[in-house]
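> Quick one: this structure, given as structure tokens, is what I'll be asking you about.
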Amino acid sequence: MSDSNSGFTLGLVGVGKIVRDQHLPAIAATPNCQLIATADPYASLPDVPGYQGLEAMLDAHPDIDTVSICTPTHLRYSQARAALLSGKHVLLEKPPGATLSEVEDLIATASRQGFSLFAAWHSRFAPGVAHAQQWLSERQVQRVEIVWKEDVRVWHPGQAWIWQPGGMGVFDPGINALSIATAILPQPFFLQKARLQVPSNAQTPIAAELSFTDPEGATIEADFDFRQPGPPTWDMHIDSDGSRLSLTQGGCRLVIDDAVVIDAEEREYQGLYARFGELIANKRSEVDVAPLRQVADAFLYGHRETTDAFIE
């Protein structure tokens with residue numbers, strides 16, 4: 001099995017857009033991480049053994065000791081649980097499950113089996129996030145404005161599952177913003193109001209407006225939209241103790257009081273796989289459900305409005 005010297009061997013479950021765009025370059029850049037095989041009934045990679053499912057992959061390659069689950073959200077629980085019961089460490093793409101109950105059972109299963117489970121909130125590894133968290137740690141926040149908008153046709157082309165229960169709709173990208181906010185804001189925050197716009201031919205929202213507050217009375221507003229053409233907007237502005245912190249471009253650019261502190265290239269998934277290796281070496285798990293809990297609260301508490309059909 002893996003240790004701090006030998007690194008880890010890896011099987012990928014799911015070979016979709018996120019794997020090709022992000023996981024593969026990050027795996028290639030991670031020392032001592034060796035991709036052994038993939039499992040996907042619809043896709044494969046050149047020069048990498050591919051199998052129809054997780055069980056077939058693990059049967060053919062018992063030397064695999066870690067598994068990254070990159071399938072649609074509603075499939076992740078059963079696949080992650082099977083991998084843990086097979087004696088594998090598991091990385092879960094975000095969100096880590098379709099429900100909080102699923103994730104809690106995976107945490108318990110990983111603990112019983114003695115293997116690492118990592119909920120991979122990749123946006124937390126953006127270049128400016130750690131510095132923003134440190135800067136805010138001893139400040140009182142007055143106001144937060146989050147704007148997270150993109151074109152679903154660009155980022156999820158042909159992926160009908162995102163509009164089905166468990167697919168989360170606009171919360172699939174919006175949860176990235178919530179993963180950053182729950183990491184960097186010094187106080188927990190709580191939903192006060194939510195407006196969810198759901199297309200008439202879908203079951204998950206295409207847009208959402210959320211209002212939160214924290215124990216000190218801060219105003220936190222989030223605007224998520226899957227209908228923005230052109231470049232995405234992934235921005236967060238935080239007013240605190242007379243200063244303004246702006247974390248933009250998904251966390252790649254950090255500006256404090258008009259001074260550019262960080263402006264760096266996005267390499268989130270390299271940091272993510274490096275962290276996974278550390279967890280495996282130290283026989284630890286890291287599963288924060290705070291971003292998923294915020295989404296669950298929005299679905300529970302939000303006012304749903306039906307909009308025109310969107311899915312073609």
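As shown in the structure tokens, the chain order sets the letters A, B, ...; within each chain, residues go from 1, and ligands are also counted from 1 in the order they appear.
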Can you pull out every residue within 7 Å of A:Trp161, counting only C-alpha atoms, but drop anything in the same chain fewer than 3 positions away, and send it as a list of chain:residue names?
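Once the adjacent positions are removed, what remains is A:Pro72, A:Gln164, A:Gly167.
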> Can you write out the residues you just picked, keeping N, CA and C atoms, as a PDB file, in the first residue's frame?

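The result, stored in selection.pdb:
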ATOM      1  N   PRO A  72     -20.838  11.428 -12.496  1.00  0.00           N
ATOM      2  CA  PRO A  72     -21.931  12.290 -12.039  1.00  0.00           C
ATOM      3  C   PRO A  72     -22.280  12.040 -10.574  1.00  0.00           C
ATOM      4  N   GLN A 164     -30.970  16.753 -13.352  1.00  0.00           N
ATOM      5  CA  GLN A 164     -31.745  15.730 -12.675  1.00  0.00           C
ATOM      6  C   GLN A 164     -31.473  15.764 -11.178  1.00  0.00           C
ATOM      7  N   GLY A 167     -28.053  16.262  -9.470  1.00  0.00           N
ATOM      8  CA  GLY A 167     -27.150  16.954 -10.369  1.00  0.00           C
ATOM      9  C   GLY A 167     -26.840  18.371  -9.936  1.00  0.00           C
TER      10      GLY A 167
END
> Write out, as CSV, each residue of stretch 127-239 of chain A that has an atom at most 12 Å from stretch 288-300 of chain A, together with the closest pair of atoms and their distance in Å to one decimal, counting only C-alpha atoms, rows going by chain and rising number.

residue,atom,partner,partner_atom,distance
A:Pro165,CA,A:Phe299,CA,11.1
A:Gly166,CA,A:Ala296,CA,10.6
A:Gly167,CA,A:Val295,CA,11.8
A:Met168,CA,A:Val295,CA,8.5
A:Gly169,CA,A:Val295,CA,10.9
A:Val170,CA,A:Val295,CA,10.4
A:Phe171,CA,A:Val295,CA,7.0
A:Asp172,CA,A:Val295,CA,9.6
A:Pro173,CA,A:Val295,CA,11.3
A:Gly174,CA,A:Val295,CA,8.8
A:Ile175,CA,A:Pro291,CA,6.1
A:Asn176,CA,A:Pro291,CA,8.0
A:Ala177,CA,A:Pro291,CA,8.7
A:Leu178,CA,A:Pro291,CA,5.3
A:Ser179,CA,A:Pro291,CA,5.1
A:Ile180,CA,A:Pro291,CA,8.5
A:Ala181,CA,A:Pro291,CA,8.5
A:Thr182,CA,A:Pro291,CA,6.6
A:Ala183,CA,A:Ala290,CA,9.0
A:Pro188,CA,A:Ala290,CA,9.3
A:Phe189,CA,A:Gln294,CA,9.0
A:Phe190,CA,A:Gln294,CA,7.8
A:Leu191,CA,A:Asp297,CA,7.0
A:Gln192,CA,A:Ala298,CA,9.2
A:Lys193,CA,A:Ala298,CA,8.0
A:Ala194,CA,A:Ala298,CA,6.0
A:Arg195,CA,A:Ala298,CA,8.4
A:Leu196,CA,A:Phe299,CA,8.1
A:Gln197,CA,A:Phe299,CA,11.3
A:Val198,CA,A:Phe299,CA,11.4
A:Gln203,CA,A:Phe299,CA,11.2
A:Thr204,CA,A:Phe299,CA,9.2
A:Pro205,CA,A:Phe299,CA,9.4
A:Ala207,CA,A:Ala298,CA,11.9
A:Ala208,CA,A:Ala298,CA,8.9
A:Glu209,CA,A:Ala298,CA,9.6
A:Leu210,CA,A:Ala298,CA,7.7
A:Ser211,CA,A:Ala298,CA,9.7
A:Phe212,CA,A:Gln294,CA,9.8
A:Ala222,CA,A:Ala298,CA,11.5
A:Phe224,CA,A:Val295,CA,11.9
> Give the helix (DSSP H, G or I) residues of stretch 125-184 of chain A, as DSSP finds them on the backbone, and put them as a VMD selection string.
chain A and resid 125 129 to 136 152 to 155 160 to 163 171 to 184
> What is the atom CA of A:Leu254 to atom CA of A:Ile184 distance in Å?
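About the pair atom CA of A:Leu254 and atom CA of A:Ile184: they are 12.7 Å apart.
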> Could you give me, as a VMD selection string, the residues within 9 Å of stretch 284-286 of chain A, counting only C-alpha atoms and dropping anything in the same chain fewer than 5 positions from it?
chain A and resid 107 110 to 111 114 to 120 276 278 to 279
> Among stretch 1-57 of chain A, which ones does DSSP place in strand (DSSP E or B), written as a list in words?
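Selection result, strand (DSSP E or B) within stretch 1-57 of chain A: Asp3, Gly7, Phe8, Thr9, Leu10, Gly11, Leu12, Val13, Cys33, Gln34, Leu35, Ile36, Ala37, Thr38, Ala39, Gly50 and Tyr51 of chain A.
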> For A:Ala83, which residue among A:Ile206, A:Ala26, A:Leu10, A:Ile36 is the nearest when counting only C-alpha atoms?
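Checking each candidate against A:Ala83, we get A:Leu10 as the closest.
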> From the set A:Ser240, A:Leu247, A:Ala37, A:Leu106, which residue has the shortest atom-to-atom contact distance to A:Ala130, counting only C-alpha atoms?
A:Leu247
> Just the residues within 12 Å of A:Trp155, please, counting only C-alpha atoms, with nothing from its chain fewer than 6 positions along; format it as a PyMOL selection string.
chain A and resi 16-18+21+149+162+169-170+172-173+226-232
> If you keep C-alpha atoms, can you produce a file of those selected residues as a PDB file, in the first residue's frame?

ATOM      1  CA  GLY A  16     -15.371  13.011 -18.744  1.00  0.00           C
ATOM      2  CA  LYS A  17     -14.539  16.649 -19.362  1.00  0.00           C
ATOM      3  CA  ILE A  18     -13.273  17.421 -15.858  1.00  0.00           C
ATOM      4  CA  ASP A  21      -9.247  19.154 -18.545  1.00  0.00           C
ATOM      5  CA  LYS A 149     -21.844  33.046 -13.378  1.00  0.00           C
ATOM      6  CA  ILE A 162     -26.873  18.040 -14.092  1.00  0.00           C
ATOM      7  CA  GLY A 169     -27.920  22.507 -11.558  1.00  0.00           C
ATOM      8  CA  VAL A 170     -26.273  25.900 -11.009  1.00  0.00           C
ATOM      9  CA  ASP A 172     -22.557  22.504  -9.367  1.00  0.00           C
ATOM     10  CA  PRO A 173     -20.381  25.592 -10.031  1.00  0.00           C
ATOM     11  CA  PHE A 226     -25.746  29.236 -15.534  1.00  0.00           C
ATOM     12  CA  ARG A 227     -26.885  31.464 -18.426  1.00  0.00           C
ATOM     13  CA  GLN A 228     -24.004  33.928 -18.800  1.00  0.00           C
ATOM     14  CA  PRO A 229     -22.523  33.952 -22.310  1.00  0.00           C
ATOM     15  CA  GLY A 230     -18.854  34.621 -22.870  1.00  0.00           C
ATOM     16  CA  PRO A 231     -16.180  34.491 -20.151  1.00  0.00           C
ATOM     17  CA  PRO A 232     -17.266  33.340 -16.696  1.00  0.00           C
TER      18      PRO A 232
END
> If we count only C-alpha atoms, what is near A:Tyr51 at a cut-off of 12 Å, once residues fewer than 2 positions away on the same chain are taken out, given as a list in words?
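Here the qualifying residues turn out to be Gly11, Leu12, Val13, Gly14, Val15, Ile36, Ala37, Thr38, Ala39, Asp40, Pro41, Tyr42, Ala43, Ser44, Leu45, Val48, Pro49, Gly53, Leu54, Glu55, Ala56, Met57, Leu58, Asp59, Ala60 and His61 of chain A.
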> Find the distance between atom CA of A:Lys88 and atom CA of A:Asp47 and write it in Å to one decimal.
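Going from atom CA of A:Lys88 over to atom CA of A:Asp47 covers 23.2 Å.
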